[in-house]
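*Asks:* Data: input.tsv, TSV, C-alpha atoms.
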```tsv
chain	number	residue	atom	x	y	z
A	777	LEU	CA	6.91	-13.22	17.85
A	778	PRO	CA	9.87	-11.00	18.73
A	779	ALA	CA	10.90	-9.05	15.62
A	780	ASN	CA	14.51	-10.22	15.84
A	781	ARG	CA	13.63	-13.92	16.29
A	782	PRO	CA	10.65	-14.68	14.01
A	783	ASN	CA	11.66	-18.27	13.30
A	784	ASP	CA	13.26	-19.26	16.59
A	785	PRO	CA	12.27	-22.95	17.05
A	786	ILE	CA	12.11	-22.67	20.83
A	787	ILE	CA	9.70	-19.73	20.65
A	788	LEU	CA	7.61	-21.44	17.97
A	789	PHE	CA	7.42	-24.57	20.11
A	790	ALA	CA	6.41	-22.55	23.18
A	791	LEU	CA	3.65	-20.81	21.22
A	792	LYS	CA	2.44	-24.18	19.97
A	793	ILE	CA	2.17	-25.47	23.56
A	794	VAL	CA	0.34	-22.35	24.71
A	795	LYS	CA	-2.09	-22.61	21.81
A	796	GLU	CA	-2.79	-26.29	22.43
A	797	ASN	CA	-3.18	-25.84	26.17
A	798	THR	CA	-5.52	-22.91	25.68
A	799	PHE	CA	-7.62	-24.95	23.31
A	800	GLU	CA	-7.61	-27.89	25.71
A	801	CYS	CA	-8.91	-25.70	28.53
A	802	MET	CA	-11.93	-24.49	26.61
A	803	THR	CA	-14.91	-26.10	28.37
A	804	ASN	CA	-18.59	-26.19	27.72
A	805	PHE	CA	-21.77	-27.66	29.18
A	806	ILE	CA	-23.73	-29.86	26.79
A	807	PRO	CA	-26.79	-32.09	27.13
A	808	ILE	CA	-25.85	-35.70	26.51
A	809	PHE	CA	-27.54	-38.69	24.90
A	810	PRO	CA	-25.30	-41.66	25.83
A	811	LEU	CA	-25.55	-44.56	23.37
A	812	GLY	CA	-23.81	-47.84	22.70
A	813	ILE	CA	-22.34	-46.58	19.42
A	814	VAL	CA	-19.46	-44.44	18.22
A	815	VAL	CA	-20.29	-41.33	16.20
A	816	TYR	CA	-17.49	-39.71	14.19
A	817	PRO	CA	-17.19	-36.08	13.08
A	818	GLY	CA	-18.91	-35.65	9.72
A	819	GLU	CA	-20.98	-38.80	10.14
A	820	GLU	CA	-24.69	-38.61	9.34
A	821	LEU	CA	-26.78	-40.54	11.85
A	822	ASN	CA	-30.53	-41.19	11.77
A	823	LEU	CA	-32.22	-41.73	15.12
A	824	HIS	CA	-35.67	-42.70	16.33
A	825	ILE	CA	-36.30	-40.83	19.58
A	826	PHE	CA	-38.85	-42.55	21.81
A	827	GLU	CA	-37.80	-41.97	25.44
A	828	THR	CA	-39.48	-38.98	27.10
A	829	ARG	CA	-36.22	-37.54	28.45
A	830	TYR	CA	-34.57	-37.52	25.04
A	831	ARG	CA	-37.65	-36.16	23.33
A	832	GLN	CA	-37.29	-33.22	25.73
A	833	LEU	CA	-33.58	-32.94	24.88
A	834	ILE	CA	-34.20	-32.97	21.13
A	835	ASN	CA	-37.06	-30.48	21.32
A	836	GLU	CA	-34.98	-28.03	23.35
A	837	CYS	CA	-31.91	-28.38	21.13
A	838	ARG	CA	-34.06	-27.84	18.05
A	839	GLU	CA	-35.78	-24.77	19.50
A	840	GLN	CA	-32.50	-23.24	20.68
A	841	GLY	CA	-30.45	-24.28	17.66
A	842	LYS	CA	-27.91	-26.04	19.87
A	843	PRO	CA	-26.03	-29.32	19.47
A	844	PHE	CA	-25.92	-32.20	21.94
A	845	GLY	CA	-23.36	-34.85	22.77
A	846	ILE	CA	-23.38	-38.59	22.12
A	847	PRO	CA	-20.79	-40.19	24.42
A	848	THR	CA	-20.12	-43.87	23.87
A	849	VAL	CA	-21.32	-46.56	26.30
A	850	ILE	CA	-19.37	-49.83	26.38
A	851	GLU	CA	-20.47	-52.72	28.62
A	852	ASN	CA	-22.84	-50.40	30.50
A	853	ARG	CA	-20.06	-47.95	31.29
A	854	LEU	CA	-20.05	-44.36	30.08
A	855	GLN	CA	-16.78	-43.59	28.31
A	856	ASP	CA	-14.85	-40.31	28.36
A	857	PHE	CA	-15.00	-39.54	24.65
A	858	GLY	CA	-17.91	-38.80	22.37
A	859	SER	CA	-18.97	-36.58	19.50
A	860	LEU	CA	-20.93	-33.36	19.47
A	861	VAL	CA	-23.79	-33.65	16.97
A	862	GLU	CA	-26.16	-31.19	15.36
A	863	ILE	CA	-29.77	-31.85	14.39
A	864	THR	CA	-30.06	-31.42	10.64
A	865	GLU	CA	-33.69	-32.43	10.19
A	866	ILE	CA	-36.76	-33.50	12.11
A	867	VAL	CA	-38.05	-36.03	9.61
A	868	LYS	CA	-41.26	-36.99	11.40
A	869	VAL	CA	-43.03	-36.39	14.70
A	870	HIS	CA	-45.34	-39.28	15.50
A	871	GLU	CA	-48.71	-38.89	17.21
A	872	ASN	CA	-47.30	-40.24	20.48
A	873	GLY	CA	-44.49	-37.66	20.44
A	874	GLU	CA	-41.76	-39.99	19.19
A	875	MET	CA	-39.49	-38.53	16.52
A	876	ASP	CA	-37.37	-39.56	13.57
A	877	ILE	CA	-34.41	-37.19	13.24
A	878	ARG	CA	-31.28	-36.75	11.17
A	879	THR	CA	-28.05	-35.63	12.82
A	880	ARG	CA	-24.45	-34.96	11.82
A	881	GLY	CA	-21.31	-35.33	13.91
A	882	GLN	CA	-19.34	-32.13	14.47
A	883	LYS	CA	-16.30	-32.69	16.68
A	884	VAL	CA	-14.85	-34.92	19.38
A	885	PHE	CA	-15.28	-34.03	23.03
A	886	ARG	CA	-13.87	-35.37	26.27
A	887	ILE	CA	-16.06	-35.52	29.38
A	888	LEU	CA	-14.63	-33.75	32.41
A	889	GLU	CA	-17.66	-34.16	34.65
A	890	VAL	CA	-21.09	-35.75	34.26
A	891	ILE	CA	-24.03	-33.71	35.55
A	892	ARG	CA	-26.59	-36.40	36.25
A	893	SER	CA	-29.36	-34.17	37.56
A	894	ILE	CA	-30.29	-30.84	35.93
A	895	PRO	CA	-33.10	-28.72	37.38
A	896	ASP	CA	-36.32	-29.06	35.36
A	897	LYS	CA	-34.67	-31.46	32.91
A	898	LEU	CA	-35.27	-35.17	32.44
A	899	TYR	CA	-31.94	-35.71	30.68
A	900	SER	CA	-28.38	-35.44	31.94
A	901	GLY	CA	-25.48	-33.27	30.81
A	902	ALA	CA	-21.74	-33.01	31.02
A	903	ILE	CA	-18.92	-30.50	31.29
A	904	VAL	CA	-16.65	-31.24	28.32
A	905	ASN	CA	-13.67	-29.89	26.47
A	906	TYR	CA	-12.72	-30.22	22.83
A	907	PRO	CA	-9.21	-31.63	22.35
A	908	ASN	CA	-7.11	-30.43	19.46
A	909	ASN	CA	-7.71	-32.85	16.58
A	910	ARG	CA	-5.26	-32.95	13.68
A	911	GLU	CA	-7.22	-33.57	10.48
A	912	GLN	CA	-4.37	-33.62	7.96
A	913	GLY	CA	-3.15	-37.12	7.16
A	914	SER	CA	-0.89	-38.79	4.62
A	915	MET	CA	-2.21	-39.39	1.11
A	916	GLU	CA	0.11	-42.38	0.75
A	917	GLN	CA	-1.23	-43.93	3.95
A	918	MET	CA	-4.81	-43.25	2.91
A	919	ARG	CA	-4.26	-44.96	-0.42
A	920	ALA	CA	-2.96	-48.01	1.44
A	921	VAL	CA	-5.99	-47.96	3.74
A	922	MET	CA	-8.40	-47.74	0.83
A	923	ALA	CA	-6.67	-50.56	-1.03
A	924	GLY	CA	-7.03	-52.77	2.04
A	925	LEU	CA	-10.62	-51.70	2.59
A	926	ARG	CA	-11.62	-52.48	-0.99
A	927	GLU	CA	-9.97	-55.87	-0.73
A	928	LEU	CA	-11.95	-56.51	2.47
A	929	HIS	CA	-15.18	-55.63	0.69
A	930	ARG	CA	-14.25	-57.78	-2.30
A	931	VAL	CA	-13.67	-60.83	-0.11
A	932	MET	CA	-16.95	-60.19	1.68
A	933	ASN	CA	-18.86	-59.61	-1.59
A	934	LEU	CA	-19.72	-56.04	-0.60
A	935	ASN	CA	-19.95	-53.03	-2.86
A	936	LYS	CA	-19.57	-49.73	-1.02
A	937	ASP	CA	-19.57	-46.33	-2.69
A	938	PHE	CA	-18.17	-43.61	-0.43
A	939	ALA	CA	-19.45	-40.83	-2.71
A	940	LYS	CA	-16.12	-39.00	-2.55
A	941	PRO	CA	-12.82	-39.32	-4.40
A	942	ASP	CA	-10.22	-41.16	-2.34
A	943	GLU	CA	-8.13	-38.02	-1.92
A	944	GLN	CA	-11.05	-36.34	-0.13
A	945	LEU	CA	-11.78	-39.21	2.25
A	946	SER	CA	-10.79	-39.26	5.90
A	947	ILE	CA	-10.63	-42.18	8.29
A	948	TYR	CA	-13.86	-40.93	9.87
A	949	ASP	CA	-15.57	-41.48	6.49
A	950	VAL	CA	-14.62	-45.15	6.25
A	951	ALA	CA	-14.07	-46.45	9.78
A	952	HIS	CA	-17.56	-47.92	10.19
A	953	HIS	CA	-17.02	-50.00	7.05
A	954	ALA	CA	-13.81	-51.73	8.14
A	955	GLY	CA	-15.23	-54.40	10.43
A	956	LEU	CA	-14.07	-52.79	13.67
A	957	SER	CA	-15.61	-53.84	16.97
A	958	LEU	CA	-17.29	-51.21	19.14
A	959	GLU	CA	-14.23	-51.14	21.37
A	960	GLU	CA	-11.96	-50.63	18.36
A	961	GLU	CA	-14.17	-47.89	16.94
A	962	TYR	CA	-13.97	-46.16	20.31
A	963	GLU	CA	-10.17	-46.49	20.39
A	964	LEU	CA	-10.10	-44.84	16.98
A	965	LEU	CA	-12.29	-41.99	18.28
A	966	GLY	CA	-9.68	-41.31	20.96
A	967	LEU	CA	-6.87	-40.92	18.41
A	968	LEU	CA	-6.63	-37.19	17.79
A	969	ASP	CA	-4.30	-37.21	14.79
A	970	GLU	CA	-5.37	-38.37	11.32
A	971	ARG	CA	-1.98	-40.00	10.76
A	972	GLN	CA	-2.50	-42.15	13.86
A	973	ARG	CA	-5.99	-43.05	12.71
A	974	GLN	CA	-4.66	-44.06	9.29
A	975	GLU	CA	-2.01	-46.27	10.85
A	976	TYR	CA	-4.56	-47.84	13.20
A	977	LEU	CA	-6.93	-48.79	10.39
A	978	LYS	CA	-4.11	-49.97	8.12
A	979	ARG	CA	-2.88	-52.34	10.84
A	980	HIS	CA	-6.41	-53.58	11.50
A	981	LEU	CA	-6.92	-54.42	7.83
A	982	ALA	CA	-3.52	-56.11	7.64
A	983	LYS	CA	-4.61	-58.31	10.53
A	984	VAL	CA	-8.11	-59.29	9.36
A	985	LEU	CA	-7.52	-59.72	5.61
A	986	PRO	CA	-5.39	-62.89	5.92
A	987	MET	CA	-7.99	-64.41	8.23
A	988	LEU	CA	-10.79	-63.69	5.76
A	989	ALA	CA	-8.71	-65.05	2.88
A	990	GLY	CA	-8.27	-68.26	4.88
A	991	LEU	CA	-12.02	-68.50	5.39
A	992	GLU	CA	-12.58	-68.08	1.67
A	993	GLN	CA	-10.20	-70.93	0.96
A	994	LEU	CA	-11.99	-73.09	3.54
A	995	LYS	CA	-15.35	-72.33	1.94
A	996	GLU	CA	-13.98	-73.46	-1.43
A	997	LYS	CA	-12.71	-76.73	0.06
A	998	VAL	CA	-16.05	-77.65	1.61
A	999	LYS	CA	-17.99	-76.16	-1.36
A	1000	LEU	CA	-20.03	-73.72	0.65
A	1001	ASN	CA	-21.91	-71.98	-1.57
A	1002	GLY	CA	-29.48	-44.98	5.20
A	1003	HIS	CA	-33.14	-47.32	8.42
A	1004	PHE	CA	-33.54	-45.19	11.36
A	1005	ARG	CA	-31.57	-46.32	14.40
A	1006	ASN	CA	-33.91	-47.22	17.26
A	1007	LEU	CA	-31.52	-47.00	20.20
A	1008	GLU	CA	-32.32	-46.89	23.89
A	1009	GLY	CA	-30.44	-44.26	25.86
A	1010	PHE	CA	-28.09	-45.23	28.69
A	1011	ASP	CA	-29.37	-44.55	32.19
A	1012	LEU	CA	-26.75	-42.71	34.24
A	1013	LYS	CA	-28.48	-43.42	37.55
```
Just give me the structure of the file as structure tokens.
*Replies:*
Amino acid sequence: LPANRPNDPIILFALKIVKENTFECMTNFIPIFPLGIVVYPGEELNLHIFETRYRQLINECREQGKPFGIPTVIENRLQDFGSLVEITEIVKVHENGEMDIRTRGQKVFRILEVIRSIPDKLYSGAIVNYPNNREQGSMEQMRAVMAGLRELHRVMNLNKDFAKPDEQLSIYDVAHHAGLSLEEEYELLGLLDERQRQEYLKRHLAKVLPMLAGLEQLKEKVKLNGHFRNLEGFDLK
């Protein structure tokens, strides 16, 4: 910053734009494993790898210590957003070459271009960038989200322990436990500000809780009394 204008709001704003645009332009090539799920940063995901092309992908990523991408597939269409994941453990390699692995989500990426055919590779890849993702949210909003989420679990007779104090939880930690559809989980993945994610989940809970409460009342009136994910990869051809 210029010495005589260290706090000039116009200059600070300009620097913010430059920083964000520079970050947005950072691109990278990654191997991809498209799946019909949403993986969030920080999420731990167990996978059973049985297809030959993805066994090759996992073996190479393990040997090279590199991550790979899991972009979401919805209705047989590859979506733009996904999460970069790292392999944390090869739990078991079966006699036929299939593998049980543990992974953890790292950060959100956006696909710029899909590379369907890679020389000497059975899997596909993509050119991606990593959008700026604001992780700081509102404690007040998070408390409201958690109150709604616990009420949802109470109505559904579920008992979920998130293994963290509420003040350390993010929306990524709880989103899979809020009854979102795949499409809604993907919409949440595309929100790159924790405050927006908090508002999204709070509104979702405000919408579904009255419906569930109504179902509970109806049931009274009529007197109604971590497996490994075995997921087939999406074929880009």
*Asks:* With distances taken over all atoms listed in the file, which of A:Leu934, A:Leu956, A:Leu1012, A:Leu1007 is nearest to A:Asn822?
*Replies:*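 Among A:Leu934, A:Leu956, A:Leu1012, A:Leu1007, it is A:Leu1007 that comes nearest to A:Asn822.
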*Asks:* Would you please work out which residue, of A:Glu916, A:Glu862, A:Glu970, A:Glu836, is nearest to A:Arg880 when using only C-alpha atoms?
*Replies:*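 Looking at the shortest contact to A:Arg880, the residue is A:Glu862.
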*Asks:* List as an NGL selection string the protein and nucleic acid residues near A:Asn852, meaning an atom at most 10 Å away when all atoms listed in the file are counted, but skip any in the same chain fewer than 6 places from it.
*Replies:* :A and (811-812 or 1010-1012)
*Asks:* For a cut-off of 12 Å around (-8.6, -39.0, 7.6), file coordinates, pick out all residues using only C-alpha atoms and list them as a count of residues only.
*Replies:* 40
*Asks:* Quick one: of A:Asn872, A:Asn905, A:Ser859, A:Thr864, who's nearest to A:Leu888, counting all atoms listed in the file?
*Replies:*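 Comparing A:Asn872, A:Asn905, A:Ser859, A:Thr864 against A:Leu888, the winner is A:Asn905.
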*Asks:* Would you mind listing what lies within 12 Å of A:Ile894 as a list in words, with only C-alpha atoms counted and same-chain residues fewer than 5 positions away left out?
*Replies:* Phe805, Ile806, Pro807, Ile808, Arg829, Leu833, Tyr899, Ser900, Gly901 and Ala902 of chain A
*Asks:* Those selected residues, please, written with C-alpha atoms and delivered as a compact mmCIF listing (two decimals), keeping the file's coordinate frame.
*Replies:*
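So the final result, stored in result_26.txt, reads:
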```
# COMPACT_ATOMS: atom_id res chain seq x y z
CA PHE A 805 -21.77 -27.66 29.18
CA ILE A 806 -23.73 -29.86 26.79
CA PRO A 807 -26.79 -32.09 27.13
CA ILE A 808 -25.85 -35.70 26.51
CA ARG A 829 -36.22 -37.54 28.45
CA LEU A 833 -33.58 -32.94 24.88
CA TYR A 899 -31.94 -35.71 30.68
CA SER A 900 -28.38 -35.44 31.94
CA GLY A 901 -25.48 -33.27 30.81
CA ALA A 902 -21.74 -33.01 31.02
```
*Asks:* Suppose you want the space between atom CA of A:Thr848 and atom CA of A:Ala939; what is it in Å?
*Replies:*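 Value for the atom CA of A:Thr848-atom CA of A:Ala939 distance: 26.8 Å.
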*Asks:* Take atom CA of A:Pro810 and atom CA of A:Lys897 and report the distance between them in Å, one decimal.
*Replies:*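 Between atom CA of A:Pro810 and atom CA of A:Lys897 the gap is 15.6 Å.
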*Asks:* Go through A:Ala954, A:Leu854, A:Val849, A:Val867 one by one, measure the shortest atom-to-atom distance of each to A:Ile825 using only C-alpha atoms, and give the residue with the smallest value.
*Replies:* A:Val867
*Asks:* Excluding same-chain residues fewer than 6 positions from A:Met932, what lies within 12 Å of it counting all atoms listed in the file, as a PyMOL selection string?
*Replies:* chain A and resi 925-926+953-955+984-985+987-989+991-992
*Asks:* Which value, in Å to one decimal, gives the distance between atom CA of A:Glu963 and atom CA of A:Ile863?
*Replies:*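 For atom CA of A:Glu963 relative to atom CA of A:Ile863, the distance reads 25.2 Å.
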*Asks:* Identify which of the residues A:Leu958, A:Leu860, A:Val884, A:Val931 lies closest to A:Leu821, counting only C-alpha atoms when measuring atom-to-atom distances.
*Replies:*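 With only C-alpha atoms as the atom set, the closest residue is A:Leu860.
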*Asks:* Would you please work out which residue, of A:Asn804, A:Lys940, A:His824, A:Pro986, is nearest to A:Lys868 when using all atoms listed in the file?
*Replies:* A:His824
*Asks:* Could stretch 928-939 of chain A be completed with all heavy atoms and returned as a compact mmCIF listing (two decimals), in the coordinates of the input?
*Replies:*
```
# COMPACT_ATOMS: atom_id res chain seq x y z
N LEU A 928 -11.04 -55.97 1.45
CA LEU A 928 -11.95 -56.51 2.47
C LEU A 928 -13.36 -56.64 1.91
O LEU A 928 -14.02 -57.68 2.07
CB LEU A 928 -11.95 -55.60 3.70
CG LEU A 928 -12.93 -55.96 4.82
CD1 LEU A 928 -12.52 -57.23 5.52
CD2 LEU A 928 -13.05 -54.81 5.82
N HIS A 929 -13.83 -55.61 1.24
CA HIS A 929 -15.18 -55.63 0.69
C HIS A 929 -15.29 -56.64 -0.45
O HIS A 929 -16.34 -57.28 -0.61
CB HIS A 929 -15.56 -54.23 0.20
CG HIS A 929 -15.74 -53.25 1.32
ND1 HIS A 929 -15.97 -51.90 1.11
CD2 HIS A 929 -15.74 -53.42 2.67
CE1 HIS A 929 -16.10 -51.29 2.28
NE2 HIS A 929 -15.96 -52.19 3.23
N ARG A 930 -14.22 -56.79 -1.22
CA ARG A 930 -14.25 -57.78 -2.30
C ARG A 930 -14.40 -59.18 -1.74
O ARG A 930 -15.22 -59.98 -2.22
CB ARG A 930 -12.97 -57.69 -3.14
CG ARG A 930 -12.96 -58.59 -4.37
CD ARG A 930 -11.57 -58.75 -4.95
NE ARG A 930 -10.69 -59.47 -4.04
CZ ARG A 930 -10.70 -60.80 -3.88
NH1 ARG A 930 -11.56 -61.54 -4.55
NH2 ARG A 930 -9.85 -61.38 -3.06
N VAL A 931 -13.61 -59.50 -0.72
CA VAL A 931 -13.67 -60.83 -0.11
C VAL A 931 -15.04 -61.10 0.50
O VAL A 931 -15.54 -62.22 0.48
CB VAL A 931 -12.56 -60.96 0.96
CG1 VAL A 931 -12.71 -62.25 1.76
CG2 VAL A 931 -11.18 -60.92 0.30
N MET A 932 -15.66 -60.03 1.03
CA MET A 932 -16.95 -60.19 1.68
C MET A 932 -18.13 -59.97 0.73
O MET A 932 -19.29 -59.96 1.15
CB MET A 932 -17.06 -59.20 2.85
CG MET A 932 -16.02 -59.41 3.92
SD MET A 932 -16.13 -58.20 5.28
CE MET A 932 -17.70 -58.69 6.02
N ASN A 933 -17.83 -59.82 -0.58
CA ASN A 933 -18.86 -59.61 -1.59
C ASN A 933 -19.71 -58.38 -1.29
O ASN A 933 -20.94 -58.39 -1.42
CB ASN A 933 -19.75 -60.85 -1.73
CG ASN A 933 -19.00 -62.03 -2.28
OD1 ASN A 933 -18.21 -61.90 -3.22
ND2 ASN A 933 -19.21 -63.20 -1.69
N LEU A 934 -19.05 -57.31 -0.88
CA LEU A 934 -19.72 -56.04 -0.60
C LEU A 934 -19.32 -55.02 -1.65
O LEU A 934 -18.20 -55.05 -2.17
CB LEU A 934 -19.34 -55.53 0.79
CG LEU A 934 -19.73 -56.39 1.98
CD1 LEU A 934 -19.16 -55.81 3.27
CD2 LEU A 934 -21.25 -56.53 2.09
N ASN A 935 -20.24 -54.11 -1.92
CA ASN A 935 -19.95 -53.03 -2.86
C ASN A 935 -20.33 -51.71 -2.20
O ASN A 935 -21.51 -51.40 -2.04
CB ASN A 935 -20.74 -53.21 -4.16
CG ASN A 935 -20.38 -52.17 -5.19
OD1 ASN A 935 -19.35 -51.51 -5.09
ND2 ASN A 935 -21.24 -52.00 -6.19
N LYS A 936 -19.33 -50.97 -1.77
CA LYS A 936 -19.57 -49.73 -1.02
C LYS A 936 -19.05 -48.54 -1.80
O LYS A 936 -17.88 -48.48 -2.18
CB LYS A 936 -18.88 -49.80 0.34
CG LYS A 936 -18.98 -48.52 1.16
CD LYS A 936 -20.41 -48.21 1.54
CE LYS A 936 -20.50 -46.91 2.30
NZ LYS A 936 -21.89 -46.51 2.57
N ASP A 937 -19.95 -47.58 -2.02
CA ASP A 937 -19.57 -46.33 -2.69
C ASP A 937 -19.51 -45.23 -1.63
O ASP A 937 -20.50 -44.92 -0.99
CB ASP A 937 -20.61 -45.98 -3.76
CG ASP A 937 -20.28 -44.68 -4.48
OD1 ASP A 937 -19.14 -44.18 -4.30
OD2 ASP A 937 -21.16 -44.17 -5.21
N PHE A 938 -18.34 -44.63 -1.45
CA PHE A 938 -18.17 -43.61 -0.43
C PHE A 938 -18.54 -42.21 -0.91
O PHE A 938 -18.44 -41.25 -0.15
CB PHE A 938 -16.73 -43.62 0.10
CG PHE A 938 -16.42 -44.87 0.89
CD1 PHE A 938 -15.63 -45.85 0.33
CD2 PHE A 938 -16.94 -45.05 2.15
CE1 PHE A 938 -15.35 -47.01 1.04
CE2 PHE A 938 -16.66 -46.19 2.87
CZ PHE A 938 -15.87 -47.18 2.32
N ALA A 939 -18.93 -42.09 -2.17
CA ALA A 939 -19.45 -40.83 -2.71
C ALA A 939 -18.45 -39.68 -2.67
O ALA A 939 -18.83 -38.52 -2.75
CB ALA A 939 -20.74 -40.42 -1.99
```
